[in-house]
>>> print(open('protein26.cif').read())   # mmCIF, C-alpha atoms
data_query
loop_
_atom_site.label_atom_id
_atom_site.label_comp_id
_atom_site.auth_asym_id
_atom_site.auth_seq_id
_atom_site.Cartn_x
_atom_site.Cartn_y
_atom_site.Cartn_z
CA MET E 9 -9.74 -27.18 -15.10
CA SER E 10 -9.51 -29.85 -12.45
CA ASN E 11 -10.78 -33.35 -11.77
CA LEU E 12 -12.62 -31.85 -8.81
CA ALA E 13 -15.10 -30.04 -11.07
CA ARG E 14 -17.62 -32.46 -12.58
CA LYS E 15 -21.08 -30.96 -12.17
CA GLU E 16 -22.50 -28.56 -14.71
CA PRO E 17 -21.68 -24.93 -13.90
CA ALA E 18 -24.16 -22.86 -11.95
CA VAL E 19 -24.80 -19.18 -12.69
CA GLU E 20 -23.40 -17.06 -9.78
CA ALA E 21 -21.20 -14.54 -9.16
CA PRO E 22 11.89 0.47 16.44
CA PRO E 23 13.23 2.43 19.27
CA MET E 24 13.75 5.99 18.15
CA PRO E 25 17.42 6.97 18.33
CA ALA E 26 16.68 10.68 18.07
CA ALA E 27 17.01 11.06 21.83
CA GLU E 28 20.51 9.57 21.70
CA PRO E 29 23.07 12.17 20.67
CA GLU E 30 25.52 9.65 19.23
CA ALA E 31 23.34 7.51 16.99
CA PRO E 32 21.84 8.46 13.67
CA PRO E 33 24.33 10.21 11.51
CA LEU E 34 21.38 12.35 10.45
CA ALA E 35 20.94 13.81 13.96
CA PRO E 36 20.56 16.44 15.26
CA SER E 37 19.10 18.16 12.17
CA VAL E 38 17.11 15.10 11.13
CA ALA E 39 16.38 12.08 13.28
CA VAL E 40 15.32 8.69 11.95
CA ALA E 41 14.20 5.56 13.72
CA GLY E 42 13.62 1.90 13.19
CA GLU E 43 15.27 -0.90 11.29
CA GLU E 44 14.32 -1.93 7.80
CA THR E 45 11.24 -4.10 7.87
CA GLU E 46 10.26 -6.85 5.48
CA THR E 47 8.30 -5.40 2.60
CA LEU E 48 5.22 -7.35 1.61
CA ALA E 49 4.82 -8.21 -2.04
CA VAL E 50 2.50 -5.96 -4.00
CA MET E 51 -0.44 -8.22 -4.84
CA LYS E 52 -3.33 -7.29 -7.07
CA PRO E 53 -6.74 -7.39 -5.38
CA VAL E 54 -8.61 -10.65 -5.87
CA PRO E 55 -11.67 -10.28 -8.14
CA ARG E 56 -15.27 -10.67 -6.99
CA ILE E 57 -15.41 -14.37 -6.13
CA THR E 58 -17.17 -16.48 -3.54
CA ILE E 59 -15.00 -18.52 -1.15
CA HIS E 60 -16.16 -21.21 1.27
CA ALA E 61 -13.71 -22.57 3.83
CA PHE E 62 -14.28 -25.78 5.83
CA CYS E 63 -11.92 -26.06 8.77
CA GLU E 64 -11.21 -28.67 11.43
CA GLN E 65 -9.39 -26.40 13.86
CA PRO E 66 -10.58 -23.02 15.19
CA GLY E 67 -7.11 -21.55 14.63
CA THR E 68 -7.25 -22.28 10.91
CA GLY E 69 -10.71 -20.76 10.64
CA SER E 70 -9.53 -17.66 12.48
CA ALA E 71 -6.55 -17.23 10.14
CA ILE E 72 -8.76 -17.56 7.05
CA GLN E 73 -11.30 -15.14 8.52
CA ARG E 74 -8.56 -12.56 9.12
CA ALA E 75 -7.37 -13.06 5.56
CA GLY E 76 -10.90 -12.34 4.34
CA GLU E 77 -10.81 -8.99 6.12
CA ASP E 78 -7.68 -7.95 4.24
CA ARG E 79 -7.94 -5.13 1.69
CA ARG E 80 -6.77 -7.45 -1.10
CA LEU E 81 -9.78 -9.71 -0.56
CA ALA E 82 -12.21 -6.83 -0.10
CA LYS E 83 -14.18 -7.76 -3.22
CA ALA E 84 -14.38 -11.47 -2.38
CA HIS E 85 -17.21 -12.97 -0.31
CA LEU E 86 -15.79 -15.41 2.25
CA THR E 87 -17.67 -17.79 4.54
CA VAL E 88 -15.94 -20.02 7.10
CA HIS E 89 -17.52 -23.32 8.25
CA MET E 90 -16.29 -26.05 10.57
CA GLY E 91 -16.31 -29.75 9.80
CA GLY E 92 -13.63 -30.19 7.13
CA ILE E 93 -14.20 -32.15 3.92
CA PRO E 94 -17.22 -34.17 5.19
CA ALA E 95 -19.11 -30.93 5.94
CA ALA E 96 -18.33 -29.63 2.45
CA ILE E 97 -19.59 -32.82 0.79
CA GLU E 98 -22.82 -32.71 2.79
CA LEU E 99 -23.49 -29.05 1.93
CA TYR E 100 -22.84 -29.31 -1.79
CA GLN E 101 -25.09 -32.29 -2.29
CA GLN E 102 -27.92 -29.76 -2.06
CA ALA E 103 -26.25 -26.48 -3.10
CA ALA E 104 -24.09 -25.12 -5.90
CA THR E 105 -20.40 -24.83 -5.15
CA PRO E 106 -18.66 -21.42 -4.97
CA ASN E 107 -15.72 -20.23 -7.05
CA LEU E 108 -13.24 -21.50 -4.47
CA ILE E 109 -13.43 -24.17 -1.76
CA MET E 110 -10.81 -24.37 0.98
CA VAL E 111 -10.83 -27.55 3.09
CA GLU E 112 -8.71 -28.51 6.09
CA THR E 113 -7.89 -32.14 6.81
CA HIS E 114 -5.77 -34.24 9.17
CA THR E 115 -6.38 -37.33 7.04
CA GLY E 116 -3.69 -38.72 4.77
CA GLY E 117 -3.15 -41.50 2.27
CA ASP E 118 -6.05 -43.39 0.70
CA GLY E 119 -8.56 -41.93 3.16
CA LEU E 120 -7.77 -38.40 2.02
CA PHE E 121 -8.06 -39.19 -1.66
CA ALA E 122 -11.33 -41.02 -1.07
CA GLN E 123 -12.72 -37.87 0.58
CA LEU E 124 -11.43 -35.70 -2.26
CA GLY E 125 -13.03 -38.03 -4.78
CA ALA E 126 -16.37 -37.69 -3.00
CA LEU E 127 -15.95 -33.92 -2.98
CA ALA E 128 -15.26 -33.97 -6.72
CA GLU E 129 -18.61 -35.68 -7.33
CA VAL E 130 -20.50 -32.68 -5.91
CA CYS E 131 -18.32 -29.87 -7.35
CA ASP E 132 -19.51 -27.63 -10.15
CA ALA E 133 -17.34 -27.16 -13.22
CA GLY E 134 -14.77 -24.43 -12.72
CA THR E 135 -14.67 -24.64 -8.94
CA LYS E 136 -11.14 -24.45 -7.56
CA VAL E 137 -10.05 -26.38 -4.47
CA VAL E 138 -7.34 -25.56 -1.92
CA VAL E 139 -6.45 -28.23 0.65
CA ILE E 140 -4.94 -27.30 4.01
CA GLY E 141 -3.15 -30.33 5.40
CA HIS E 142 -0.94 -31.18 8.34
CA MET E 143 1.69 -33.23 6.51
CA ASN E 144 4.64 -31.58 4.80
CA ASP E 145 5.09 -34.27 2.16
CA VAL E 146 6.24 -33.49 -1.37
CA SER E 147 4.90 -36.75 -2.81
CA LEU E 148 1.49 -36.06 -1.24
CA TYR E 149 1.49 -32.58 -2.76
CA ARG E 150 2.35 -33.90 -6.22
CA GLU E 151 -0.37 -36.54 -6.09
CA MET E 152 -2.94 -33.94 -5.03
CA ILE E 153 -2.01 -31.66 -7.91
CA ARG E 154 -2.17 -34.63 -10.29
CA GLN E 155 -5.68 -35.41 -9.12
CA GLY E 156 -6.88 -31.86 -9.65
CA VAL E 157 -6.33 -30.00 -6.35
CA ASN E 158 -5.32 -26.44 -7.23
CA GLU E 159 -3.17 -25.70 -4.17
CA TYR E 160 -1.93 -27.42 -1.03
CA LEU E 161 -1.04 -25.44 2.11
CA VAL E 162 0.64 -26.88 5.18
CA ALA E 163 -0.94 -25.91 8.51
CA PRO E 164 -0.66 -23.78 10.52
CA VAL E 165 -1.52 -21.14 7.95
CA ARG E 166 -1.03 -17.38 8.26
CA PRO E 167 -3.45 -14.83 6.81
CA ILE E 168 -0.87 -13.48 4.37
CA GLY E 169 -0.15 -17.04 3.16
CA VAL E 170 -3.85 -17.59 2.51
CA ILE E 171 -4.05 -14.31 0.59
CA GLU E 172 -1.03 -15.21 -1.54
CA ALA E 173 -2.45 -18.66 -2.34
CA ILE E 174 -5.79 -17.21 -3.47
CA SER E 175 -4.03 -14.49 -5.49
CA ARG E 176 -1.97 -17.07 -7.35
CA LEU E 177 -5.16 -18.84 -8.44
CA TYR E 178 -6.97 -15.77 -9.73
CA ILE E 179 -4.30 -13.33 -10.87
CA ASP E 180 -2.71 -13.92 -14.27
CA PRO E 181 1.00 -14.61 -13.65
CA ASP E 182 1.83 -13.22 -17.09
CA ALA E 183 0.05 -9.94 -16.40
CA PRO E 184 2.38 -6.97 -15.93
CA PRO E 185 3.15 -6.07 -12.31
CA ILE E 186 1.32 -3.22 -10.66
CA GLY E 187 2.99 -0.29 -8.96
CA ARG E 188 3.23 0.26 -5.24
CA THR E 189 0.98 3.00 -3.89
CA ILE E 190 2.22 5.18 -1.04
CA ALA E 191 -0.44 7.37 0.56
CA PHE E 192 0.54 10.53 2.45
CA ILE E 193 -1.91 12.26 4.78
CA GLY E 194 -1.55 14.98 7.38
CA ALA E 195 -2.71 14.45 10.93
CA LYS E 196 -4.14 17.98 10.66
CA GLY E 197 -3.92 20.88 8.24
CA GLY E 198 -0.53 22.54 7.88
CA THR E 199 1.68 19.63 8.95
CA GLY E 200 3.57 19.62 5.65
CA SER E 201 2.27 16.28 4.38
CA SER E 202 2.29 17.41 0.74
CA THR E 203 5.85 18.69 1.05
CA VAL E 204 6.96 15.36 2.49
CA ALA E 205 5.12 13.44 -0.23
CA HIS E 206 6.63 15.46 -3.07
CA ASN E 207 10.17 15.25 -1.71
CA VAL E 208 9.94 11.50 -1.09
CA GLY E 209 8.59 10.99 -4.62
CA TRP E 210 11.52 12.98 -5.97
CA CYS E 211 14.03 10.88 -3.96
CA ILE E 212 12.52 7.61 -5.20
CA SER E 213 12.66 8.74 -8.82
CA SER E 214 16.21 10.10 -8.62
CA GLY E 215 17.77 7.75 -6.09
CA LEU E 216 16.26 4.48 -7.33
CA ASP E 217 15.99 5.36 -11.04
CA GLU E 218 12.35 4.37 -10.75
CA ASP E 219 9.41 5.89 -12.60
CA VAL E 220 7.13 7.74 -10.18
CA ILE E 221 3.77 9.47 -10.60
CA ILE E 222 2.67 11.93 -7.93
CA THR E 223 -1.12 12.20 -7.79
CA ASP E 224 -2.47 15.34 -6.13
CA MET E 225 -5.90 14.44 -4.71
CA ASP E 226 -6.59 17.88 -3.24
CA LEU E 227 -8.51 19.16 -6.27
CA PRO E 228 -9.36 22.70 -5.07
CA PHE E 229 -6.17 23.49 -3.12
CA GLY E 230 -3.44 21.09 -4.31
CA THR E 231 0.16 22.37 -4.27
CA ALA E 232 1.94 19.78 -6.42
CA GLY E 233 1.92 22.09 -9.43
CA LEU E 234 3.42 24.92 -7.37
CA ASP E 235 6.02 22.74 -5.70
CA PHE E 236 7.30 21.50 -9.06
CA ASN E 237 6.89 24.86 -10.82
CA GLN E 238 4.29 23.49 -13.23
CA ASP E 239 0.99 24.95 -14.43
CA PRO E 240 -0.80 22.13 -16.29
CA ALA E 241 -3.99 22.87 -18.19
CA GLN E 242 -5.33 19.36 -17.51
CA GLY E 243 -4.83 16.87 -14.74
CA ILE E 244 -6.37 14.39 -12.36
CA ALA E 245 -9.73 16.18 -12.16
CA ASP E 246 -10.39 15.39 -15.83
CA ALA E 247 -9.75 11.71 -15.15
CA LEU E 248 -11.89 11.59 -12.00
CA MET E 249 -14.84 13.24 -13.68
CA ALA E 250 -14.90 10.54 -16.41
CA PRO E 251 -12.90 7.53 -15.17
CA GLU E 252 -14.40 5.26 -17.83
CA ARG E 253 -12.58 7.28 -20.51
CA LEU E 254 -9.14 6.97 -18.92
CA ASP E 255 -6.68 4.78 -20.80
CA ASP E 256 -2.93 4.83 -21.43
CA VAL E 257 -3.22 7.39 -24.23
CA LEU E 258 -5.35 9.82 -22.24
CA LEU E 259 -3.22 9.30 -19.14
CA ASP E 260 -0.07 10.30 -21.03
CA ARG E 261 -1.82 13.45 -22.20
CA LEU E 262 -2.96 14.41 -18.70
CA LEU E 263 0.39 13.81 -16.99
CA VAL E 264 3.03 16.52 -16.66
CA LYS E 265 6.59 15.28 -17.01
CA CYS E 266 8.85 16.94 -14.43
CA THR E 267 11.94 14.78 -15.08
CA ASP E 268 12.73 11.68 -17.09
CA ARG E 269 11.51 9.57 -14.15
CA LEU E 270 8.97 11.78 -12.37
CA SER E 271 5.52 12.73 -13.66
CA LEU E 272 2.80 14.77 -12.05
CA PHE E 273 -0.94 14.12 -12.01
CA ALA E 274 -1.77 17.62 -10.90
CA ALA E 275 -4.88 19.07 -9.28
CA PRO E 276 -6.54 22.05 -10.96
CA ALA E 277 -6.43 24.10 -7.71
CA VAL E 278 -9.35 26.31 -8.74
CA LEU E 279 -12.59 27.24 -7.03
CA ASP E 280 -14.77 27.87 -10.08
CA ARG E 281 -15.74 24.20 -10.22
CA ASP E 282 -17.38 21.90 -7.69
CA PHE E 283 -15.68 18.54 -7.25
CA GLU E 284 -17.77 15.58 -6.15
CA MET E 285 -15.21 12.91 -5.29
CA ASP E 286 -16.39 9.33 -5.67
CA ALA E 287 -14.62 6.39 -4.01
CA ASP E 288 -15.09 4.06 -6.98
CA SER E 289 -13.82 6.68 -9.43
CA CYS E 290 -10.70 7.22 -7.31
CA GLU E 291 -10.07 3.49 -7.19
CA THR E 292 -10.51 3.14 -10.96
CA VAL E 293 -8.15 6.01 -11.77
CA LEU E 294 -5.45 4.89 -9.32
CA ASP E 295 -5.64 1.30 -10.62
CA ILE E 296 -4.95 2.54 -14.15
CA VAL E 297 -2.13 4.81 -12.97
CA ARG E 298 -0.37 2.06 -11.02
CA GLU E 299 -0.39 -0.27 -14.04
CA GLY E 300 2.07 2.01 -15.79
CA VAL E 301 4.72 2.81 -13.13
CA PRO E 302 6.43 1.01 -10.23
CA CYS E 303 5.55 3.72 -7.70
CA VAL E 304 2.52 5.98 -7.24
CA ILE E 305 2.65 8.71 -4.60
CA VAL E 306 -0.88 9.60 -3.43
CA ASP E 307 -1.02 13.06 -1.84
CA LEU E 308 -4.26 13.09 0.16
CA PRO E 309 -5.84 16.27 1.53
CA HIS E 310 -6.74 16.65 5.19
CA VAL E 311 -10.40 15.73 4.79
CA TRP E 312 -12.22 12.65 5.99
CA ALA E 313 -14.71 11.29 3.47
CA PRO E 314 -15.55 7.82 2.12
CA TRP E 315 -13.19 8.26 -0.82
CA THR E 316 -10.31 9.46 1.39
CA LYS E 317 -10.71 6.53 3.74
CA LYS E 318 -10.90 4.01 0.90
CA VAL E 319 -7.83 5.35 -0.89
CA LEU E 320 -5.83 5.54 2.34
CA LEU E 321 -6.63 2.03 3.54
CA ALA E 322 -6.06 0.51 0.09
CA ALA E 323 -2.51 1.87 -0.19
CA ASP E 324 0.51 -0.42 0.09
CA GLU E 325 2.24 2.02 2.45
CA ILE E 326 0.87 4.88 4.57
CA VAL E 327 2.75 7.94 5.82
CA ILE E 328 1.16 10.21 8.45
CA THR E 329 2.77 13.63 8.88
CA ALA E 330 2.23 15.29 12.25
CA THR E 331 3.53 18.22 14.25
CA PRO E 332 4.37 17.94 17.99
CA ASP E 333 1.08 19.32 19.32
CA LEU E 334 -2.03 17.89 20.94
CA ALA E 335 -4.32 17.98 17.89
CA SER E 336 -1.75 16.16 15.74
CA LEU E 337 -1.18 13.60 18.48
CA ARG E 338 -4.88 12.81 18.83
CA ASN E 339 -5.52 12.61 15.09
CA ALA E 340 -2.37 10.62 14.32
CA LYS E 341 -3.30 8.10 17.01
CA ASN E 342 -6.83 7.79 15.58
CA ILE E 343 -5.49 7.15 12.07
CA LEU E 344 -2.92 4.67 13.38
CA ASP E 345 -5.53 2.78 15.39
CA LEU E 346 -7.78 2.56 12.33
CA THR E 347 -5.01 1.26 10.08
CA ARG E 348 -3.93 -1.31 12.65
CA GLN E 349 -7.48 -2.59 12.92
CA VAL E 350 -8.32 -2.64 9.21
CA ARG E 351 -4.87 -3.61 7.84
CA PRO E 352 -3.58 -6.30 10.23
CA ASN E 353 -1.53 -8.02 7.49
CA ASP E 354 0.24 -4.87 6.25
CA THR E 355 3.26 -3.02 7.52
CA ALA E 356 2.44 -0.36 10.09
CA ALA E 357 1.87 3.22 8.99
CA HIS E 358 4.91 5.49 9.21
CA ILE E 359 4.93 8.65 11.30
CA VAL E 360 6.83 11.75 10.18
CA LEU E 361 7.14 14.30 12.97
CA ASN E 362 7.62 17.66 11.27
CA GLN E 363 8.51 21.22 12.39
CA VAL E 364 10.12 20.04 15.62
CA GLY E 365 11.83 22.73 17.66
CA MET E 366 9.85 25.78 16.54
CA PRO E 367 11.05 28.72 18.71
CA LYS E 368 8.68 29.89 21.47
CA ARG E 369 6.09 27.20 20.68
CA PRO E 370 5.23 24.74 23.46
CA GLU E 371 5.71 21.22 22.11
CA ILE E 372 5.04 17.65 23.13
CA PRO E 373 8.44 15.96 23.54
CA VAL E 374 9.28 13.45 20.82
CA LYS E 375 9.50 10.58 23.32
CA ASP E 376 6.11 11.41 24.85
CA PHE E 377 4.54 11.71 21.39
CA ALA E 378 5.82 8.25 20.46
CA GLU E 379 4.54 6.70 23.69
CA ALA E 380 1.10 8.25 23.22
CA VAL E 381 0.58 7.07 19.63
CA GLY E 382 2.17 3.68 20.28
CA THR E 383 5.02 3.85 17.77
CA ASP E 384 8.27 5.69 17.15
CA ALA E 385 8.51 8.26 14.40
CA THR E 386 10.24 6.99 11.29
CA LEU E 387 11.52 10.48 10.51
CA ILE E 388 11.86 13.64 12.60
CA LEU E 389 12.23 16.90 10.68
CA PRO E 390 13.31 19.99 12.63
CA PHE E 391 11.76 23.39 12.08
CA ASN E 392 13.64 24.92 9.15
CA PRO E 393 11.52 27.68 7.55
CA GLY E 394 14.40 29.11 5.53
CA LEU E 395 15.15 25.91 3.63
CA PHE E 396 11.56 24.81 3.08
CA GLY E 397 10.40 28.34 2.27
CA MET E 398 13.10 28.79 -0.37
CA ALA E 399 12.26 25.42 -1.93
CA ALA E 400 8.56 26.28 -2.08
CA ASN E 401 9.14 29.73 -3.56
CA ASN E 402 11.57 28.38 -6.16
CA GLY E 403 9.41 25.40 -7.12
CA GLN E 404 12.26 23.05 -6.16
CA MET E 405 12.77 19.98 -4.01
CA ILE E 406 15.03 19.92 -0.95
CA GLU E 407 17.45 17.58 -2.72
CA GLU E 408 17.85 20.15 -5.48
CA LEU E 409 18.72 22.92 -3.01
CA GLU E 410 20.83 20.97 -0.51
CA PRO E 411 21.56 17.52 -1.93
CA LYS E 412 24.14 16.80 0.77
CA GLY E 413 22.14 18.32 3.61
CA LYS E 414 20.72 16.35 6.50
CA THR E 415 17.12 17.10 5.54
CA ALA E 416 17.68 15.55 2.10
CA ASP E 417 19.30 12.58 3.86
CA GLY E 418 16.12 12.23 5.93
CA PHE E 419 13.87 12.16 2.88
CA ARG E 420 16.10 9.55 1.26
CA PHE E 421 15.94 7.47 4.44
CA LEU E 422 12.13 7.60 4.45
CA ALA E 423 12.06 6.64 0.76
CA GLN E 424 14.32 3.70 1.58
CA GLN E 425 12.01 2.52 4.34
CA LEU E 426 9.01 2.71 2.03
CA CYS E 427 10.62 0.94 -0.93
CA GLY E 428 12.84 -1.55 0.91
CA ARG E 429 15.89 -0.59 -1.16
CA GLU E 430 18.79 1.76 -0.59
CA VAL E 431 18.21 5.16 -2.13
CA ARG E 432 21.29 6.57 -3.84
CA ALA E 433 22.42 10.07 -2.93
CA PRO E 434 23.10 12.45 -5.83
CA LYS E 435 26.65 12.73 -7.08
CA ALA E 436 28.68 15.67 -5.87
CA ALA E 437 28.58 18.69 -8.13
CA LYS E 438 31.71 19.45 -10.12
CA SER E 439 33.83 22.31 -8.87
CA GLY E 440 33.74 25.47 -10.91
CA LEU E 441 33.57 29.20 -10.74
CA PHE E 442 30.21 29.05 -8.94
CA GLY E 443 30.73 25.69 -7.25
CA PHE E 444 30.34 27.24 -3.80
CA LEU E 445 26.65 27.76 -4.55
CA SER E 446 26.01 24.00 -4.47
CA ARG E 447 27.80 23.62 -1.16
CA LYS E 448 25.72 26.06 0.81
CA GLY E 449 25.09 24.95 4.40
#
>>> encode(input="protein26.cif", output="structure tokens")
Amino acid sequence: MSNLARKEPAVEAPPMPAAEPEAPPLAPSVAVAGEETETLAVMKPVPRITIHAFCEQPGTGSAIQRAGEDRRLAKAHLTVHMGGIPAAIELYQQAATPNLIMVETHTGGDGLFAQLGALAEVCDAGTKVVVIGHMNDVSLYREMIRQGVNEYLVAPVRPIGVIEAISRLYIDPDAPPIGRTIAFIGAKGGTGSSTVAHNVGWCISSGLDEDVIITDMDLPFGTAGLDFNQDPAQGIADALMAPERLDDVLLDRLLVKCTDRLSLFAAPAVLDRDFEMDADSCETVLDIVREGVPCVIVDLPHVWAPWTKKVLLAADEIVITATPDLASLRNAKNILDLTRQVRPNDTAAHIVLNQVGMPKRPEIPVKDFAEAVGTDATLILPFNPGLFGMAANNGQMIEELEPKGKTADGFRFLAQQLCGREVRAPKAAKSGLFGFLSRKG
């Protein structure tokens, strides 16, 4: 592909306003916090490639190393060396070159192109080269591209910039986009994580006119079918048991269509079968699902296993639902700390604090909860058993029962934070003989 590949190829592989009575229009029934944050582009994971980086400055090497720890480069094998282009030339005189070489240089002009020419003499066919330079010069960039360099980055580089550059080289630009995955998990059992997931999925599908698939990963006890008043004969278990058979045709057969925009990948919710969940199978199935829709809601059960951890950390957005008690606080903080460590280049996980204000129950104050976990709650839902109980018994979403209520406003706000776009509220119902029924509350 480039002039830098001449050898024969080698065989290798925000402050929470809830405490302020005057701010959020959603208070006091529902409190929200934080400003809209920049949403990172949804990038496909880079395939299994080998990357060698040769840096001149420790800061550049550190940025590339952090990029290599990102979930989107999880399949790639990255090694960082010091010494710049001369070190790369010396190494590859005796060794085969990897799929991608990244080199940092302070040199410019004829000296730079002489070094690149020497590097080309020791490169295998098909090797791609990314140069990290310290001169922001368009003419230099054009000459590099003309001579076969695949990409030129101007230092200092950020991890996300390195990831984007590598993705551009290995992901087909004409390939269809992949959907955003939003993983919901409860800090403990009974926090209402599934209810939050289902209602947010509904708001995205109805308020953004966006196709959404809700995947219920709790195979023995999933409630998605109940919450949407569906009883599918087949579902996600059939796909997970034989992921190699899943294609677009089979997927359409396994999905349950709830509305024109919302489909359900339901769990069987039976105990007459044993389910052995496999991390690779989950990844394969979710990859196929997200190729067909812009948004995939992943409803995770409150279990901690290799597959749960992998699915959670691979998601584009994470929502943790907690209640204001000590167990939820501890577990939410543990999950947050893990996501911060493993996903340094992603937006922070969102906290939904649910069932706040339950009568006669001692609670951790919202402010103290936020200080302990190190972040404000994105959404605070007050204890409202009547509304949520009626929705669950009717197989309806909150927006269907009280479209103009403050709880529905809260779910739309959370959907907006997750998608980075304003979620439209439903139109007011027309007046009629029974119009008062739609204005309850």
>>> closest_residue(input="protein26.cif", among="E:Asn362, E:Gln123, E:Thr199, E:Asn207", to="Phe421 in chain E", atoms="all atoms listed in the file")
E:Asn207
>>> resolve_selection(input="protein26.cif", expression="the PyMOL selection byres ((chain E and resi 350) around 9)", output="VMD selection string")
chain E and resid 77 to 79 321 345 to 349 351 to 353
>>> residues_near_point(input="protein26.cif", point="(-4.5, 16.1, 9.5)", cutoff="7 Å", atoms="all atoms listed in the file", output="ChimeraX atom specification")
/E:193-197,310,336,339
>>> closest_residue(input="protein26.cif", among="E:Val146, E:Ile140, E:Asp384, E:Ile153", to="Ala173 in chain E", atoms="all atoms listed in the file")
E:Ile140
>>> closest_residue(input="protein26.cif", among="E:Glu98, E:Glu325, E:Asp226, E:Glu252", to="Val278 in chain E", atoms="only C-alpha atoms")
E:Asp226
>>> atom_distance(input="protein26.cif", atom1="CA of Thr292 in chain E", atom2="CA of Asn237 in chain E")
27.8 Å
>>> residues_around(input="protein26.cif", residues="Asn107 in chain E", least_positions_apart="2", cutoff="8 Å", atoms="only C-alpha atoms", output="compact mmCIF listing (two decimals) with C-alpha atoms, in the coordinates of the input")
# COMPACT_ATOMS: atom_id res chain seq x y z
CA ILE E 57 -15.41 -14.37 -6.13
CA THR E 58 -17.17 -16.48 -3.54
CA ILE E 59 -15.00 -18.52 -1.15
CA THR E 105 -20.40 -24.83 -5.15
CA ILE E 109 -13.43 -24.17 -1.76
CA GLY E 134 -14.77 -24.43 -12.72
CA THR E 135 -14.67 -24.64 -8.94
CA LYS E 136 -11.14 -24.45 -7.56
>>> atom_distance(input="protein26.cif", atom1="CA of Ala340 in chain E", atom2="CA of Ala191 in chain E")
14.3 Å
>>> atom_distance(input="protein26.cif", atom1="CA of Val327 in chain E", atom2="CA of His206 in chain E")
12.3 Å
>>> closest_residue(input="protein26.cif", among="E:Gln102, E:Thr383, E:Asn402, E:Ile343", to="Phe236 in chain E", atoms="all atoms listed in the file")
E:Asn402
>>> resolve_selection(input="protein26.cif", expression="the PyMOL selection byres ((chain E and resi 284-289) around 12)", output="JSON, numbers by chain")
{"E": [225, 226, 227, 228, 244, 245, 246, 247, 248, 249, 250, 251, 252, 253, 254, 281, 282, 283, 290, 291, 292, 293, 294, 295, 296, 311, 312, 313, 314, 315, 316, 317, 318, 319, 320, 321, 322]}
>>> write_last_selection(input="protein26.cif", atoms="C-alpha atoms", output="PDB file, keeping the file's coordinate frame")
ATOM      1  CA  MET E 225      -5.900  14.440  -4.710  1.00  0.00           C
ATOM      2  CA  ASP E 226      -6.590  17.880  -3.240  1.00  0.00           C
ATOM      3  CA  LEU E 227      -8.510  19.160  -6.270  1.00  0.00           C
ATOM      4  CA  PRO E 228      -9.360  22.700  -5.070  1.00  0.00           C
ATOM      5  CA  ILE E 244      -6.370  14.390 -12.360  1.00  0.00           C
ATOM      6  CA  ALA E 245      -9.730  16.180 -12.160  1.00  0.00           C
ATOM      7  CA  ASP E 246     -10.390  15.390 -15.830  1.00  0.00           C
ATOM      8  CA  ALA E 247      -9.750  11.710 -15.150  1.00  0.00           C
ATOM      9  CA  LEU E 248     -11.890  11.590 -12.000  1.00  0.00           C
ATOM     10  CA  MET E 249     -14.840  13.240 -13.680  1.00  0.00           C
ATOM     11  CA  ALA E 250     -14.900  10.540 -16.410  1.00  0.00           C
ATOM     12  CA  PRO E 251     -12.900   7.530 -15.170  1.00  0.00           C
ATOM     13  CA  GLU E 252     -14.400   5.260 -17.830  1.00  0.00           C
ATOM     14  CA  ARG E 253     -12.580   7.280 -20.510  1.00  0.00           C
ATOM     15  CA  LEU E 254      -9.140   6.970 -18.920  1.00  0.00           C
ATOM     16  CA  ARG E 281     -15.740  24.200 -10.220  1.00  0.00           C
ATOM     17  CA  ASP E 282     -17.380  21.900  -7.690  1.00  0.00           C
ATOM     18  CA  PHE E 283     -15.680  18.540  -7.250  1.00  0.00           C
ATOM     19  CA  CYS E 290     -10.700   7.220  -7.310  1.00  0.00           C
ATOM     20  CA  GLU E 291     -10.070   3.490  -7.190  1.00  0.00           C
ATOM     21  CA  THR E 292     -10.510   3.140 -10.960  1.00  0.00           C
ATOM     22  CA  VAL E 293      -8.150   6.010 -11.770  1.00  0.00           C
ATOM     23  CA  LEU E 294      -5.450   4.890  -9.320  1.00  0.00           C
ATOM     24  CA  ASP E 295      -5.640   1.300 -10.620  1.00  0.00           C
ATOM     25  CA  ILE E 296      -4.950   2.540 -14.150  1.00  0.00           C
ATOM     26  CA  VAL E 311     -10.400  15.730   4.790  1.00  0.00           C
ATOM     27  CA  TRP E 312     -12.220  12.650   5.990  1.00  0.00           C
ATOM     28  CA  ALA E 313     -14.710  11.290   3.470  1.00  0.00           C
ATOM     29  CA  PRO E 314     -15.550   7.820   2.120  1.00  0.00           C
ATOM     30  CA  TRP E 315     -13.190   8.260  -0.820  1.00  0.00           C
ATOM     31  CA  THR E 316     -10.310   9.460   1.390  1.00  0.00           C
ATOM     32  CA  LYS E 317     -10.710   6.530   3.740  1.00  0.00           C
ATOM     33  CA  LYS E 318     -10.900   4.010   0.900  1.00  0.00           C
ATOM     34  CA  VAL E 319      -7.830   5.350  -0.890  1.00  0.00           C
ATOM     35  CA  LEU E 320      -5.830   5.540   2.340  1.00  0.00           C
ATOM     36  CA  LEU E 321      -6.630   2.030   3.540  1.00  0.00           C
ATOM     37  CA  ALA E 322      -6.060   0.510   0.090  1.00  0.00           C
TER      38      ALA E 322
END
>>> residues_near_point(input="protein26.cif", point="(7.3, 14.1, 23.4)", cutoff="12 Å", atoms="only C-alpha atoms", output="VMD selection string")
chain E and resid 24 26 to 27 331 to 334 337 361 364 to 365 370 to 381 383 to 385 388
>>> closest_residue(input="protein26.cif", among="E:Glu407, E:Asp307, E:Glu64, E:Glu218", to="His114 in chain E", atoms="all atoms listed in the file")
E:Glu64
